[in-house]
Each structure stands twice: as structure tokens, then as C-alpha cells.
>>> print(open('entry_24.csv').read())   # CSV, C-alpha atoms
chain,number,residue,atom,x,y,z
A,1,MET,CA,0.0,0.0,0.0
A,2,ASN,CA,1.6,3.2,-1.2
A,3,HIS,CA,0.7,6.3,1.0
A,4,ALA,CA,1.7,9.7,-0.4
A,5,THR,CA,3.2,12.1,2.0
A,6,THR,CA,3.2,15.8,1.7
A,7,HIS,CA,6.7,15.6,0.2
A,8,ASP,CA,5.3,13.8,-2.8
A,9,ILE,CA,2.4,16.3,-3.4
A,10,PRO,CA,3.2,19.6,-5.1
A,11,ALA,CA,3.0,22.6,-2.7
A,12,HIS,CA,0.1,24.3,-4.5
A,13,VAL,CA,-2.0,21.1,-4.2
A,14,ALA,CA,-1.0,20.2,-0.7
A,15,THR,CA,-2.0,23.6,0.7
A,16,PRO,CA,-4.7,25.3,-1.4
A,17,ASP,CA,-5.1,28.1,1.0
A,18,ALA,CA,-1.5,29.2,0.7
A,19,GLY,CA,-2.0,29.9,-3.0
A,20,ALA,CA,-5.1,31.9,-2.3
A,21,HIS,CA,-3.4,34.0,0.3
A,22,ALA,CA,-0.4,34.6,-1.9
A,23,SER,CA,-2.5,35.8,-4.8
A,24,GLY,CA,-4.8,38.0,-2.6
A,25,GLN,CA,-4.2,41.7,-2.8
A,26,GLN,CA,-3.1,43.9,0.1
A,27,HIS,CA,-4.2,47.5,0.1
A,28,PRO,CA,-1.9,50.0,1.8
A,29,ILE,CA,-3.2,51.4,5.1
A,30,GLY,CA,-2.8,54.9,3.6
A,31,VAL,CA,-5.9,54.3,1.4
A,32,TYR,CA,-8.0,53.5,4.4
A,33,LEU,CA,-6.7,56.4,6.4
A,34,LYS,CA,-7.4,58.8,3.5
A,35,VAL,CA,-11.0,57.5,3.3
A,36,TRP,CA,-11.4,57.9,7.0
A,37,GLY,CA,-10.3,61.5,6.5
A,38,TYR,CA,-12.7,62.0,3.7
A,39,LEU,CA,-15.5,60.5,5.8
A,40,PHE,CA,-14.7,62.9,8.6
A,41,VAL,CA,-14.7,65.9,6.3
A,42,LEU,CA,-18.0,64.9,4.8
A,43,SER,CA,-19.5,64.3,8.2
A,44,ALA,CA,-18.3,67.7,9.3
A,45,MET,CA,-19.8,69.3,6.2
A,46,SER,CA,-23.1,67.6,6.9
A,47,TYR,CA,-23.0,68.9,10.5
A,48,MET,CA,-22.3,72.4,9.1
A,49,VAL,CA,-25.6,72.3,7.2
A,50,ASP,CA,-27.3,72.2,10.6
A,51,TYR,CA,-24.9,74.6,12.3
A,52,PHE,CA,-25.4,77.3,9.7
A,53,GLN,CA,-29.2,76.6,9.7
A,54,VAL,CA,-29.6,75.9,6.0
A,55,HIS,CA,-33.3,75.5,5.3
A,56,GLY,CA,-35.5,74.4,2.5
A,57,ILE,CA,-34.6,72.3,-0.5
A,58,MET,CA,-30.9,73.3,-0.3
A,59,ARG,CA,-30.7,71.6,3.2
A,60,TRP,CA,-32.1,68.3,1.8
A,61,VAL,CA,-29.9,68.4,-1.3
A,62,LEU,CA,-26.8,68.9,0.8
A,63,ILE,CA,-27.7,66.3,3.3
A,64,ILE,CA,-28.6,63.7,0.7
A,65,THR,CA,-25.4,64.5,-1.3
A,66,PHE,CA,-23.1,64.1,1.7
A,67,MET,CA,-24.9,60.9,2.7
A,68,LEU,CA,-24.5,59.4,-0.8
A,69,LEU,CA,-20.9,60.4,-1.0
A,70,LYS,CA,-20.2,58.8,2.4
A,71,ALA,CA,-22.1,55.6,1.4
A,72,GLY,CA,-20.2,55.5,-1.9
A,73,LEU,CA,-16.8,55.7,-0.1
A,74,ILE,CA,-17.8,53.0,2.4
A,75,VAL,CA,-19.0,50.7,-0.3
A,76,ALA,CA,-16.1,51.3,-2.6
A,77,ILE,CA,-13.3,51.0,-0.2
A,78,PHE,CA,-14.3,49.3,3.0
A,79,MET,CA,-16.5,46.7,1.2
A,80,HIS,CA,-13.8,46.4,-1.5
A,81,MET,CA,-16.2,47.1,-4.4
A,82,ALA,CA,-13.6,49.3,-6.1
A,83,TRP,CA,-11.5,46.1,-6.6
A,84,GLU,CA,-14.2,43.7,-7.6
A,85,ARG,CA,-15.1,42.5,-11.1
A,86,LEU,CA,-17.3,44.8,-13.1
A,87,ALA,CA,-20.0,42.1,-13.4
A,88,LEU,CA,-20.3,41.9,-9.6
A,89,VAL,CA,-20.4,45.7,-9.2
A,90,TYR,CA,-23.2,45.8,-11.8
A,91,ALA,CA,-25.1,43.0,-10.1
A,92,ILE,CA,-25.0,44.9,-6.8
A,93,LEU,CA,-25.5,48.5,-7.9
A,94,VAL,CA,-27.9,48.2,-10.9
A,95,PRO,CA,-31.0,46.9,-9.1
A,96,PRO,CA,-31.1,49.7,-6.5
A,97,LEU,CA,-30.5,52.2,-9.2
A,98,CYS,CA,-33.5,50.8,-11.2
A,99,LEU,CA,-35.6,50.9,-8.1
A,100,ALA,CA,-34.7,54.5,-7.4
A,101,THR,CA,-35.6,55.3,-11.0
A,102,LEU,CA,-39.0,53.6,-10.6
A,103,VAL,CA,-39.6,55.5,-7.3
A,104,GLY,CA,-38.8,58.8,-9.1
A,105,LEU,CA,-41.2,57.9,-11.9
A,106,MET,CA,-43.9,57.1,-9.3
A,107,LEU,CA,-43.3,60.4,-7.6
A,108,ILE,CA,-43.8,62.3,-10.9
A,109,GLU,CA,-46.9,60.2,-11.6
A,110,SER,CA,-48.3,60.9,-8.1
A,111,ASP,CA,-47.9,64.7,-8.6
A,112,TYR,CA,-49.7,64.4,-12.0
A,113,THR,CA,-52.5,62.4,-10.4
A,114,LEU,CA,-53.0,64.9,-7.6
A,115,TRP,CA,-53.0,67.7,-10.1
A,116,THR,CA,-55.7,66.0,-12.2
A,117,ARG,CA,-57.8,65.4,-9.2
A,118,ILE,CA,-57.6,69.0,-8.1
A,119,VAL,CA,-58.5,70.3,-11.6
A,120,PHE,CA,-61.1,67.8,-12.7
A,121,LEU,CA,-62.7,66.8,-9.3
A,122,ASP,CA,-62.7,70.3,-7.8
A,123,TRP,CA,-60.6,69.2,-4.8
A,124,GLY,CA,-59.0,72.7,-4.6
A,125,GLY,CA,-61.9,74.1,-2.7
>>> encode(input="entry_24.csv", output="C-alpha cells")
Amino acid sequence: MNHATTHDIPAHVATPDAGAHASGQQHPIGVYLKVWGYLFVLSAMSYMVDYFQVHGIMRWVLIITFMLLKAGLIVAIFMHMAWERLALVYAILVPPLCLATLVGLMLIESDYTLWTRIVFLDWGG
């Protein structure tokens, strides 16, 4: 009975995890520190919107913009989406974008429906 030892098996077959770790990519810590800095600055700018008492539509545009920028940085760097295959990025990002588009269309349609009810059903009083 012939038993193979680890000396008889090539290194890449004997330890499959070693090859995976060797081919994995390491990102410099500076990238993460820079993103932390950007997140801090964006959070400070979001806080400044309240501090300077910005009101109305400009307030919401700024808050949503800062929120989306922070979420984009987190997804791209800390969730490693910036280094993923394009097909995976599309599989994760396209469905929410489609949903957002449909919600926007529903919002437009709801305004039109309200307008027609006010005009044709005399809801305006």
C-alpha cells in the first residue's frame, strides 16, 4: 500500500489556502486612512448644514449629497467594491438604481394624479 506524503504532493496542491493568500491583494493602510479622513470631512460638512441653519430644498440636497458620497466611499473602499469585477459591481448596484428610477417615476406620476384630481374633481376648494 503506497501512501503519499506531503513531500510527494506539489505545494500548490497540498496547501490550497497558501496559494489563495499569496494571490490575494493587500491594500496600503494609507488608502483606508485617507478614506477615514474624507468621511470625517463629509460628516463635518453635513454637520455644518445644521450649524449654519440651512433651510428648504438646499438643506435636503446637501444632506442627501453628503450621505450618498459617504455611502459610496464606504461601499467602494471598506466593502472592497472598487477592486471587484465589473459584473459583480453591476449585479449589486444596478438593481437599487433601477428601483430608485422607478420610485422617481412614481413620484412624478403621483404629482400628476394629484393635479388632475384637483383640476377635474374640484378638490381645490
>>> residues_around(input="entry_24.csv", residues="range 44-55 of chain A", least_positions_apart="5", cutoff="9 Å", atoms="only C-alpha atoms", output="short mmCIF file (atom, residue, chain, number, x, y, z; two decimals) with C-alpha atoms, in the frame of the given file")
data_model
loop_
_atom_site.label_atom_id
_atom_site.label_comp_id
_atom_site.auth_asym_id
_atom_site.auth_seq_id
_atom_site.Cartn_x
_atom_site.Cartn_y
_atom_site.Cartn_z
CA LEU A 39 -15.50 60.50 5.80
CA TRP A 60 -32.10 68.30 1.80
CA LEU A 62 -26.80 68.90 0.80
CA ILE A 63 -27.70 66.30 3.30
CA PHE A 66 -23.10 64.10 1.70
CA MET A 67 -24.90 60.90 2.70
#
>>> closest_residue(input="entry_24.csv", among="A:Ile92, A:Leu114, A:Ala87, A:Val41", to="Val75 in chain A", atoms="all atoms listed in the file")
A:Ile92
>>> closest_residue(input="entry_24.csv", among="A:Gln26, A:Ser110, A:Thr116, A:Ser43", to="Leu69 in chain A", atoms="all atoms listed in the file")
A:Ser43
>>> atom_distance(input="entry_24.csv", atom1="CA of Tyr32 in chain A", atom2="CA of Leu97 in chain A")
26.3 Å
>>> atom_distance(input="entry_24.csv", atom1="CA of Leu42 in chain A", atom2="CA of Met79 in chain A")
18.6 Å
>>> atom_distance(input="entry_24.csv", atom1="CA of Gly56 in chain A", atom2="CA of Gly37 in chain A")
28.6 Å
>>> closest_residue(input="entry_24.csv", among="A:Val103, A:Leu93, A:Val61, A:Ile77", to="Val35 in chain A", atoms="all atoms listed in the file")
A:Ile77
>>> residues_around(input="entry_24.csv", residues="Met81 in chain A", least_positions_apart="3", cutoff="12 Å", atoms="only C-alpha atoms", output="PyMOL selection string")
chain A and resi 71-78+84-93
>>> build_atoms(input="entry_24.csv", residues="range 86-113 of chain A", atoms="N, CA and C atoms", output="compact mmCIF listing (two decimals), in the frame of the given file")
# COMPACT_ATOMS: atom_id res chain seq x y z
N LEU A 86 -16.26 43.91 -12.64
CA LEU A 86 -17.30 44.80 -13.10
C LEU A 86 -18.68 44.15 -13.07
N ALA A 87 -18.74 42.86 -13.37
CA ALA A 87 -20.00 42.10 -13.40
C ALA A 87 -20.62 42.11 -11.97
N LEU A 88 -19.79 41.92 -10.95
CA LEU A 88 -20.30 41.90 -9.60
C LEU A 88 -20.76 43.30 -9.15
N VAL A 89 -20.03 44.31 -9.55
CA VAL A 89 -20.40 45.70 -9.20
C VAL A 89 -21.79 45.98 -9.87
N TYR A 90 -21.96 45.60 -11.13
CA TYR A 90 -23.20 45.80 -11.80
C TYR A 90 -24.35 45.02 -11.12
N ALA A 91 -24.06 43.80 -10.71
CA ALA A 91 -25.10 43.00 -10.10
C ALA A 91 -25.55 43.56 -8.74
N ILE A 92 -24.68 44.29 -8.07
CA ILE A 92 -25.00 44.90 -6.80
C ILE A 92 -25.61 46.27 -6.92
N LEU A 93 -25.10 47.07 -7.84
CA LEU A 93 -25.50 48.50 -7.90
C LEU A 93 -26.67 48.74 -8.87
N VAL A 94 -26.83 47.96 -9.93
CA VAL A 94 -27.90 48.20 -10.90
C VAL A 94 -29.29 48.06 -10.35
N PRO A 95 -29.60 46.99 -9.62
CA PRO A 95 -31.00 46.90 -9.10
C PRO A 95 -31.42 48.03 -8.21
N PRO A 96 -30.61 48.51 -7.24
CA PRO A 96 -31.10 49.70 -6.50
C PRO A 96 -31.23 50.93 -7.34
N LEU A 97 -30.39 51.09 -8.36
CA LEU A 97 -30.50 52.20 -9.20
C LEU A 97 -31.84 52.14 -10.04
N CYS A 98 -32.18 50.95 -10.48
CA CYS A 98 -33.50 50.80 -11.20
C CYS A 98 -34.63 51.05 -10.26
N LEU A 99 -34.55 50.59 -9.02
CA LEU A 99 -35.60 50.90 -8.10
C LEU A 99 -35.73 52.36 -7.79
N ALA A 100 -34.61 53.05 -7.67
CA ALA A 100 -34.70 54.50 -7.40
C ALA A 100 -35.29 55.20 -8.63
N THR A 101 -34.99 54.74 -9.84
CA THR A 101 -35.60 55.30 -11.00
C THR A 101 -37.12 55.11 -11.01
N LEU A 102 -37.54 53.91 -10.67
CA LEU A 102 -39.00 53.60 -10.60
C LEU A 102 -39.68 54.45 -9.53
N VAL A 103 -39.02 54.63 -8.39
CA VAL A 103 -39.60 55.50 -7.30
C VAL A 103 -39.72 56.91 -7.82
N GLY A 104 -38.72 57.40 -8.52
CA GLY A 104 -38.80 58.80 -9.10
C GLY A 104 -39.92 58.90 -10.07
N LEU A 105 -40.11 57.90 -10.92
CA LEU A 105 -41.20 57.90 -11.90
C LEU A 105 -42.57 57.92 -11.15
N MET A 106 -42.65 57.13 -10.07
CA MET A 106 -43.90 57.10 -9.30
C MET A 106 -44.16 58.44 -8.62
N LEU A 107 -43.10 59.10 -8.19
CA LEU A 107 -43.30 60.40 -7.60
C LEU A 107 -43.81 61.42 -8.58
N ILE A 108 -43.28 61.38 -9.82
CA ILE A 108 -43.80 62.30 -10.90
C ILE A 108 -45.25 61.93 -11.18
N GLU A 109 -45.55 60.65 -11.26
CA GLU A 109 -46.90 60.20 -11.60
C GLU A 109 -47.88 60.64 -10.43
N SER A 110 -47.41 60.57 -9.19
CA SER A 110 -48.30 60.90 -8.10
C SER A 110 -48.62 62.44 -8.13
N ASP A 111 -47.65 63.27 -8.50
CA ASP A 111 -47.90 64.70 -8.60
C ASP A 111 -48.93 64.96 -9.75
N TYR A 112 -48.79 64.25 -10.86
CA TYR A 112 -49.70 64.40 -12.00
C TYR A 112 -51.14 63.96 -11.56
N THR A 113 -51.22 62.86 -10.84
CA THR A 113 -52.50 62.40 -10.40
C THR A 113 -53.18 63.35 -9.44
